[in-house]
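Q: This is query_13.cif (mmCIF, C-alpha atoms).
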```cif
data_protein
#
loop_
_atom_site.label_atom_id
_atom_site.label_comp_id
_atom_site.auth_asym_id
_atom_site.auth_seq_id
_atom_site.Cartn_x
_atom_site.Cartn_y
_atom_site.Cartn_z
CA MET S 1 0.00 0.00 0.00
CA GLN S 2 1.23 3.48 -0.87
CA SER S 3 2.34 5.75 1.94
CA ASN S 4 -0.11 8.35 0.54
CA ASN S 5 -2.95 5.99 1.34
CA VAL S 6 -1.67 5.50 4.87
CA VAL S 7 -1.60 9.27 5.33
CA GLU S 8 -5.15 9.51 4.03
CA MET S 9 -6.33 6.73 6.36
CA THR S 10 -4.67 8.57 9.26
CA ILE S 11 -6.34 11.88 8.42
CA ASN S 12 -9.71 10.13 8.08
CA GLN S 13 -9.34 8.33 11.41
CA LEU S 14 -8.56 11.64 13.14
CA LYS S 15 -11.46 13.37 11.39
CA GLU S 16 -13.90 10.61 12.39
CA HIS S 17 -13.07 11.41 16.00
CA GLY S 18 -13.46 15.16 15.64
CA ILE S 19 -9.77 16.04 15.28
CA LYS S 20 -9.25 18.47 12.42
CA LEU S 21 -5.99 19.24 10.68
CA THR S 22 -5.50 22.22 8.37
CA GLU S 23 -4.51 21.58 4.73
CA THR S 24 -0.90 22.57 5.51
CA GLU S 25 -0.84 20.25 8.51
CA LYS S 26 -2.11 17.31 6.44
CA LEU S 27 1.16 17.48 4.48
CA LYS S 28 3.10 16.97 7.72
CA VAL S 29 1.49 13.71 8.89
CA GLU S 30 4.29 11.23 9.65
CA VAL S 31 4.18 7.54 8.81
CA THR S 32 6.81 5.08 10.00
CA ASP S 33 7.27 1.34 9.68
CA PHE S 34 10.39 1.58 11.86
CA GLY S 35 12.38 0.19 8.96
CA LEU S 36 10.84 -3.26 9.39
CA GLY S 37 8.64 -3.26 6.28
CA GLN S 38 5.41 -4.35 8.00
CA GLN S 39 3.53 -1.04 8.32
CA PHE S 40 0.21 -2.51 9.42
CA THR S 41 1.79 -4.87 11.95
CA VAL S 42 4.61 -2.74 13.37
CA GLY S 43 4.10 0.90 12.54
CA LEU S 44 2.89 4.26 13.73
CA GLN S 45 1.19 7.31 12.22
CA LEU S 46 1.49 10.62 13.98
CA PHE S 47 1.03 14.36 13.83
CA THR S 48 3.09 16.77 15.93
CA TYR S 49 1.18 19.90 16.96
CA ILE S 50 4.12 21.57 18.64
CA ASN S 51 7.60 20.63 19.83
CA THR S 52 9.51 23.44 21.55
CA ASP S 53 12.59 23.21 23.77
CA ARG S 54 10.14 22.92 26.69
CA TYR S 55 7.14 20.79 25.71
CA CYS S 56 5.61 18.71 22.95
CA ALA S 57 2.11 17.57 21.90
CA LYS S 58 1.20 14.97 19.28
CA GLU S 59 -1.61 12.73 18.12
CA LEU S 60 -0.60 9.10 17.65
CA VAL S 61 -2.83 7.07 15.33
CA LEU S 62 -2.81 3.28 15.36
CA PHE S 63 -4.59 0.98 12.93
CA PRO S 64 -6.30 -2.19 14.24
CA SER S 65 -3.86 -4.30 16.29
CA GLN S 66 -0.90 -2.25 15.02
CA THR S 67 2.09 -2.15 17.40
CA CYS S 68 4.63 0.56 18.20
CA PRO S 69 7.80 -1.36 19.06
CA GLU S 70 9.50 -1.35 22.46
CA HIS S 71 11.76 1.60 23.21
CA LYS S 72 12.78 4.05 25.90
CA HIS S 73 13.72 7.70 26.12
CA PRO S 74 17.09 7.67 27.89
CA ASN S 75 18.46 10.32 30.21
CA GLN S 76 20.94 12.55 28.39
CA ASN S 77 23.83 14.66 29.63
CA GLY S 78 22.61 14.26 33.19
CA GLN S 79 19.12 15.49 32.25
CA PRO S 80 16.09 13.19 32.53
CA GLY S 81 14.82 11.74 29.23
CA LYS S 82 11.42 12.44 27.74
CA GLN S 83 8.48 12.12 30.12
CA GLU S 84 5.18 11.49 28.31
CA THR S 85 1.48 11.20 29.06
CA PHE S 86 -0.65 8.99 26.81
CA ARG S 87 -4.35 9.85 26.76
CA CYS S 88 -6.63 7.52 24.84
CA ARG S 89 -9.04 9.45 22.60
CA SER S 90 -10.64 6.57 20.76
CA GLY S 91 -10.43 2.80 20.55
CA ARG S 92 -8.37 0.87 23.05
CA VAL S 93 -4.66 0.95 23.83
CA HIS S 94 -2.70 -1.91 25.37
CA LEU S 95 0.37 -0.21 26.84
CA PHE S 96 3.16 -2.34 28.26
CA VAL S 97 5.77 -0.79 30.56
CA GLU S 98 8.68 -2.16 32.57
CA GLY S 99 7.54 -3.53 35.90
CA GLU S 100 5.78 -6.41 37.52
CA GLU S 101 3.34 -8.35 35.33
CA LYS S 102 0.08 -8.24 37.27
CA LYS S 103 -2.02 -10.49 35.07
CA GLU S 104 -1.22 -12.43 31.95
CA SER S 105 -2.26 -10.40 28.93
CA ASP S 106 -4.45 -11.49 26.04
CA ILE S 107 -2.19 -9.46 23.79
CA GLU S 108 0.81 -10.93 21.99
CA PRO S 109 3.84 -9.09 20.64
CA PRO S 110 3.82 -8.83 16.83
CA ASN S 111 5.17 -11.96 15.13
CA LYS S 112 5.25 -13.49 18.66
CA ASP S 113 8.61 -11.74 19.05
CA THR S 114 9.16 -12.13 22.80
CA VAL S 115 12.86 -11.25 22.48
CA ASN S 116 12.24 -7.66 21.43
CA TYR S 117 9.15 -7.12 23.59
CA THR S 118 10.24 -7.47 27.21
CA ALA S 119 8.01 -5.01 29.12
CA LYS S 120 5.14 -7.02 30.57
CA ARG S 121 3.17 -4.69 32.87
CA GLU S 122 -0.03 -4.05 30.90
CA ILE S 123 -2.06 -0.86 31.22
CA ILE S 124 -5.29 -0.80 29.24
CA LEU S 125 -6.46 2.67 28.21
CA ARG S 126 -10.01 3.35 27.06
CA PRO S 127 -11.26 6.75 25.81
CA GLY S 128 -10.69 9.35 28.52
CA GLU S 129 -8.07 7.26 30.33
CA GLN S 130 -4.42 8.23 30.52
CA TYR S 131 -1.06 7.12 31.86
CA THR S 132 2.25 8.93 32.35
CA ILE S 133 5.42 7.05 31.38
CA ASP S 134 8.54 7.95 33.33
CA PRO S 135 11.77 8.77 31.48
CA ASN S 136 14.16 5.91 30.71
CA THR S 137 11.41 3.27 30.99
CA LEU S 138 10.96 0.58 28.34
CA HIS S 139 7.49 0.58 26.81
CA TRP S 140 5.56 -0.64 23.76
CA PHE S 141 1.92 -0.42 22.80
CA GLN S 142 -0.64 -2.08 20.59
CA ALA S 143 -4.07 -0.88 19.50
CA GLY S 144 -7.20 -2.95 20.06
CA LYS S 145 -9.18 -4.42 17.19
CA ASN S 146 -10.67 -1.07 16.19
CA GLY S 147 -7.43 0.89 16.20
CA ALA S 148 -6.79 3.83 18.52
CA ILE S 149 -5.98 7.49 18.77
CA ILE S 150 -3.65 8.64 21.55
CA SER S 151 -2.99 12.26 22.50
CA GLU S 152 0.58 12.48 23.71
CA PHE S 153 1.58 15.34 26.02
CA SER S 154 5.27 15.40 26.90
CA SER S 155 8.52 17.17 27.51
CA THR S 156 10.56 17.97 24.39
CA SER S 157 10.60 15.17 21.83
CA ASP S 158 13.83 14.00 20.21
CA ASP S 159 13.12 10.80 18.30
CA ALA S 160 16.80 10.43 17.35
CA SER S 161 17.74 9.64 20.94
CA ASP S 162 15.19 6.82 21.41
CA ILE S 163 16.64 3.40 22.18
CA PHE S 164 14.75 0.47 20.63
CA THR S 165 15.03 -3.07 21.95
CA ASP S 166 14.96 -4.45 18.40
CA VAL S 167 18.32 -3.39 16.94
CA ARG S 168 16.90 -3.69 13.41
CA VAL S 169 14.62 -0.70 14.01
CA LYS S 170 15.38 2.44 12.00
CA ARG S 171 13.33 5.47 12.99
CA MET V 1 -26.65 30.00 38.20
CA GLN V 2 -25.09 27.33 40.36
CA SER V 3 -21.49 26.39 39.78
CA ASN V 4 -22.69 22.77 39.43
CA ASN V 5 -24.64 23.79 36.37
CA VAL V 6 -21.60 25.49 34.89
CA VAL V 7 -19.61 22.29 35.40
CA GLU V 8 -22.35 20.28 33.71
CA MET V 9 -22.46 22.71 30.78
CA THR V 10 -18.68 22.39 30.47
CA ILE V 11 -18.75 18.60 30.46
CA ASN V 12 -21.55 18.62 27.87
CA GLN V 13 -19.70 21.04 25.61
CA LEU V 14 -16.59 18.81 25.72
CA LYS V 15 -18.67 15.71 25.08
CA GLU V 16 -20.42 17.29 22.09
CA HIS V 17 -17.01 17.68 20.51
CA GLY V 18 -15.84 14.13 21.23
CA ILE V 19 -13.77 14.89 24.34
CA LYS V 20 -14.53 12.37 27.08
CA LEU V 21 -13.72 12.77 30.77
CA THR V 22 -13.86 9.89 33.23
CA GLU V 23 -16.27 10.12 36.20
CA THR V 24 -13.34 10.96 38.51
CA GLU V 25 -12.13 13.65 36.13
CA LYS V 26 -15.57 15.25 35.95
CA LEU V 27 -15.20 16.11 39.66
CA LYS V 28 -12.04 18.06 38.85
CA VAL V 29 -13.44 20.46 36.25
CA GLU V 30 -12.47 23.99 37.28
CA VAL V 31 -14.75 27.01 37.00
CA THR V 32 -13.53 30.55 37.65
CA ASP V 33 -15.12 33.98 37.41
CA PHE V 34 -11.77 35.54 38.33
CA GLY V 35 -13.45 37.03 41.40
CA LEU V 36 -15.42 39.49 39.28
CA GLY V 37 -18.88 37.93 39.70
CA GLN V 38 -19.79 37.82 36.00
CA GLN V 39 -19.13 34.17 35.09
CA PHE V 40 -20.73 34.25 31.64
CA THR V 41 -19.07 37.54 30.67
CA VAL V 42 -15.62 37.18 32.25
CA GLY V 43 -14.91 33.58 33.17
CA LEU V 44 -13.26 30.35 32.18
CA GLN V 45 -13.93 26.64 32.53
CA LEU V 46 -11.05 24.22 32.30
CA PHE V 47 -9.81 20.72 32.81
CA THR V 48 -6.14 19.90 33.44
CA TYR V 49 -5.05 16.53 32.01
CA ILE V 50 -1.56 16.68 33.41
CA ASN V 51 0.76 19.25 35.00
CA THR V 52 4.24 17.97 35.84
CA ASP V 53 7.39 19.97 36.58
CA ARG V 54 8.11 19.76 32.82
CA TYR V 55 4.87 20.12 30.83
CA CYS V 56 1.15 20.72 31.11
CA ALA V 57 -1.96 20.01 29.01
CA LYS V 58 -5.49 21.37 29.52
CA GLU V 59 -8.78 21.88 27.76
CA LEU V 60 -10.16 25.41 28.07
CA VAL V 61 -13.90 25.75 27.54
CA LEU V 62 -15.50 29.10 26.75
CA PHE V 63 -19.21 29.85 26.57
CA PRO V 64 -20.54 32.18 23.83
CA SER V 65 -18.66 35.50 23.82
CA GLN V 66 -17.12 34.71 27.24
CA THR V 67 -13.75 36.37 27.90
CA CYS V 68 -10.66 35.26 29.77
CA PRO V 69 -9.17 38.49 31.13
CA GLU V 70 -5.79 39.93 30.16
CA HIS V 71 -2.77 38.47 31.91
CA LYS V 72 0.79 37.30 31.41
CA HIS V 73 3.04 34.54 32.71
CA PRO V 74 6.10 36.39 34.00
CA ASN V 75 9.66 35.14 34.03
CA GLN V 76 10.62 33.88 37.49
CA ASN V 77 13.97 33.54 39.22
CA GLY V 78 15.73 34.08 35.92
CA GLN V 79 13.72 31.31 34.24
CA PRO V 80 11.31 32.07 31.38
CA GLY V 81 7.62 32.12 32.30
CA LYS V 82 5.03 29.73 30.94
CA GLN V 83 5.07 29.23 27.17
CA GLU V 84 1.73 28.00 25.81
CA THR V 85 0.19 26.81 22.57
CA PHE V 86 -3.54 27.37 22.03
CA ARG V 87 -5.16 25.00 19.54
CA CYS V 88 -8.79 25.69 18.66
CA ARG V 89 -10.88 22.48 18.74
CA SER V 90 -14.31 23.95 18.19
CA GLY V 91 -15.97 27.32 17.73
CA ARG V 92 -13.89 30.41 17.19
CA VAL V 93 -11.32 32.09 19.40
CA HIS V 94 -10.38 35.76 19.24
CA LEU V 95 -6.95 35.89 20.87
CA PHE V 96 -5.35 39.26 21.55
CA VAL V 97 -1.62 39.49 22.27
CA GLU V 98 0.80 42.37 22.80
CA GLY V 99 2.04 43.78 19.51
CA GLU V 100 1.05 45.89 16.56
CA GLU V 101 -2.67 46.08 15.82
CA LYS V 102 -2.93 44.96 12.20
CA LYS V 103 -6.63 45.61 11.63
CA GLU V 104 -9.33 47.02 13.85
CA SER V 105 -11.20 44.14 15.49
CA ASP V 106 -14.96 43.59 15.57
CA ILE V 107 -14.52 42.29 19.11
CA GLU V 108 -14.87 44.53 22.17
CA PRO V 109 -13.44 43.90 25.63
CA PRO V 110 -16.13 42.88 28.15
CA ASN V 111 -17.98 45.86 29.61
CA LYS V 112 -16.04 47.98 27.05
CA ASP V 113 -13.22 47.97 29.60
CA THR V 114 -10.36 49.33 27.47
CA VAL V 115 -8.27 50.08 30.56
CA ASN V 116 -7.81 46.44 31.53
CA TYR V 117 -7.64 45.07 27.98
CA THR V 118 -4.57 46.61 26.33
CA ALA V 119 -3.30 43.86 23.98
CA LYS V 120 -4.64 44.68 20.52
CA ARG V 121 -3.00 42.28 18.06
CA GLU V 122 -5.86 39.94 17.15
CA ILE V 123 -5.32 36.32 16.10
CA ILE V 124 -8.46 34.46 15.05
CA LEU V 125 -8.34 30.70 15.59
CA ARG V 126 -10.77 28.35 13.88
CA PRO V 127 -10.88 24.57 14.48
CA GLY V 128 -7.47 23.08 13.67
CA GLU V 129 -5.65 26.42 13.97
CA GLN V 130 -3.16 27.17 16.71
CA TYR V 131 -0.88 29.88 18.06
CA THR V 132 2.03 29.81 20.53
CA ILE V 133 2.17 32.62 23.08
CA ASP V 134 5.65 33.59 24.28
CA PRO V 135 6.35 33.85 28.00
CA ASN V 136 5.85 37.24 29.68
CA THR V 137 3.45 38.44 26.93
CA LEU V 138 0.12 40.06 27.79
CA HIS V 139 -2.85 38.25 26.25
CA TRP V 140 -6.60 37.86 26.58
CA PHE V 141 -9.15 35.90 24.59
CA GLN V 142 -12.83 35.82 23.82
CA ALA V 143 -14.95 33.06 22.28
CA GLY V 144 -17.10 33.66 19.22
CA LYS V 145 -20.90 33.50 19.32
CA ASN V 146 -20.97 29.70 19.60
CA GLY V 147 -18.39 29.37 22.36
CA ALA V 148 -15.08 27.56 21.91
CA ILE V 149 -12.88 24.74 23.08
CA ILE V 150 -9.12 25.30 23.20
CA SER V 151 -6.52 22.58 23.80
CA GLU V 152 -3.64 24.19 25.67
CA PHE V 153 -0.19 22.58 25.47
CA SER V 154 2.43 24.32 27.61
CA SER V 155 5.36 24.28 29.95
CA THR V 156 4.51 23.82 33.62
CA SER V 157 1.45 25.76 34.76
CA ASP V 158 1.50 27.85 37.93
CA ASP V 159 -1.64 29.97 38.01
CA ALA V 160 -0.55 31.66 41.24
CA SER V 161 2.24 33.52 39.43
CA ASP V 162 0.00 34.99 36.68
CA ILE V 163 -0.14 38.78 36.53
CA PHE V 164 -3.54 40.21 35.55
CA THR V 165 -3.95 43.72 34.16
CA ASP V 166 -7.17 44.19 36.16
CA VAL V 167 -6.00 44.39 39.76
CA ARG V 168 -9.45 43.30 40.99
CA VAL V 169 -8.94 39.81 39.55
CA LYS V 170 -8.65 36.99 42.05
CA ARG V 171 -7.68 33.62 40.53
#
```
Here is a file; write its structure as structure tokens.
A:
Amino acid sequence: MQSNNVVEMTINQLKEHGIKLTETEKLKVEVTDFGLGQQFTVGLQLFTYINTDRYCAKELVLFPSQTCPEHKHPNQNGQPGKQETFRCRSGRVHLFVEGEEKKESDIEPPNKDTVNYTAKREIILRPGEQYTIDPNTLHWFQAGKNGAIISEFSSTSDDASDIFTDVRVKR
Amino acid sequence: MQSNNVVEMTINQLKEHGIKLTETEKLKVEVTDFGLGQQFTVGLQLFTYINTDRYCAKELVLFPSQTCPEHKHPNQNGQPGKQETFRCRSGRVHLFVEGEEKKESDIEPPNKDTVNYTAKREIILRPGEQYTIDPNTLHWFQAGKNGAIISEFSSTSDDASDIFTDVRVKR
């Protein structure tokens, strides 16, 4: 499928849930398959509203059962890494963070890849629910069967510094 | 009108535009008349999603033609004051910031109070449009005839440090 179609699907999913982008903004929707070539299995679509040297806000769009691979935002130069709040706007989000597994999840890592998906503490977010991920904490997330939209509020975003568990990932 | 009713109106306005709050969150909706006793003329309704020592995100709800009075977020202890991005989600926002008046506005300050409303550079925000207000910059804003919802993304919020032009304001 063409990347243009993925952008269009993203814009439509946002629109369906009352989130409007201007025509100029529509040209800035980001699509990534993390270099793994399986967009609809391991991929993410996003739009960044603002990213200053102090704060950042984005919408993250996930297609049905699509997974964003495990990564963390490391501390840098003695400063804490990115802190981020995920707020579910639509659909359902299965967020996994480092920490004790409280209950076995119904969700499997993509391609049953348990090597590159190590965080096992599941937090389920439904519309209106949110969770704040501490800096330097491994996390990955997968949408439910109807996809999901996540509003992300955070400190400054610097994708280049992210550390992915799967060394094949290219962001 | 009871404050309870104002809260209910706020929750309904958010819901109409697809923004869901949990039952616990509904109890934390804030209503302020800035101590001036004219809620529907000079007032603001808001909900804070998150406010850490690094970033903050809120929804600001305005009723038809309601005004948030002029204020600024001053620099403190040598650190820059709050920087904030207003993104219009619904309705229309007339935002006035310090700076050159480009065109005479159709909008009047509440009670024609030109003494306490000095910022004259008008920025009109429609759904999907946004504007970032620099720290230490006087600004005030008024909703259009159908009210408005504004998503605010910002650095840490500390209402207590705000400086209002109208010395009668109590936040």
Q: Determine the residue set returned by the PyMOL selection byres ((chain V) within 10 of (chain S)) for the present structure, and present it as an NGL selection string.
A: :V and (16-23 or 25 or 49-58 or 82-85 or 87-90 or 126-132 or 152-156)
Q: Neighbouring residues of Gly144 of chain S were defined as those with any atom within 10 Å, considering only C-alpha atoms; residues of the same chain fewer than 3 positions away were excluded. Please report them as a ChimeraX atom specification.
A: /S:62-67,91-94,107,124-126,141,147-148
Q: From the list V:Thr165, V:Ser151, V:Asn146, V:Phe96, which residue is nearest Leu60 of chain V when using all atoms listed in the file?
A: V:Ser151
Q: Can you pull out the residues contacting segment 71-79 of chain S? Cut-off 8 Å, using only C-alpha atoms, and skip same-chain residues under 5 positions away; I want them as a list in words.
A: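 Skipping anything fewer than 5 positions along the chain leaves Pro135, Asn136, Thr137, Leu138, His139, Trp140, Ser161, Asp162, Ile163, Phe164 and Thr165 of chain S.
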Q: V:Val6, V:Ile149, V:Ile133, V:Val167: which is nearest Val115 of chain V, counting all atoms listed in the file?
A: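 Selected residue with least distance to Val115 of chain V: V:Val167.
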Q: One number please: atom CA of Leu36 of chain V to atom CA of Val169 of chain V, in Å, one decimal.
A: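 Value for the atom CA of Leu36 of chain V-atom CA of Val169 of chain V distance: 6.5 Å.
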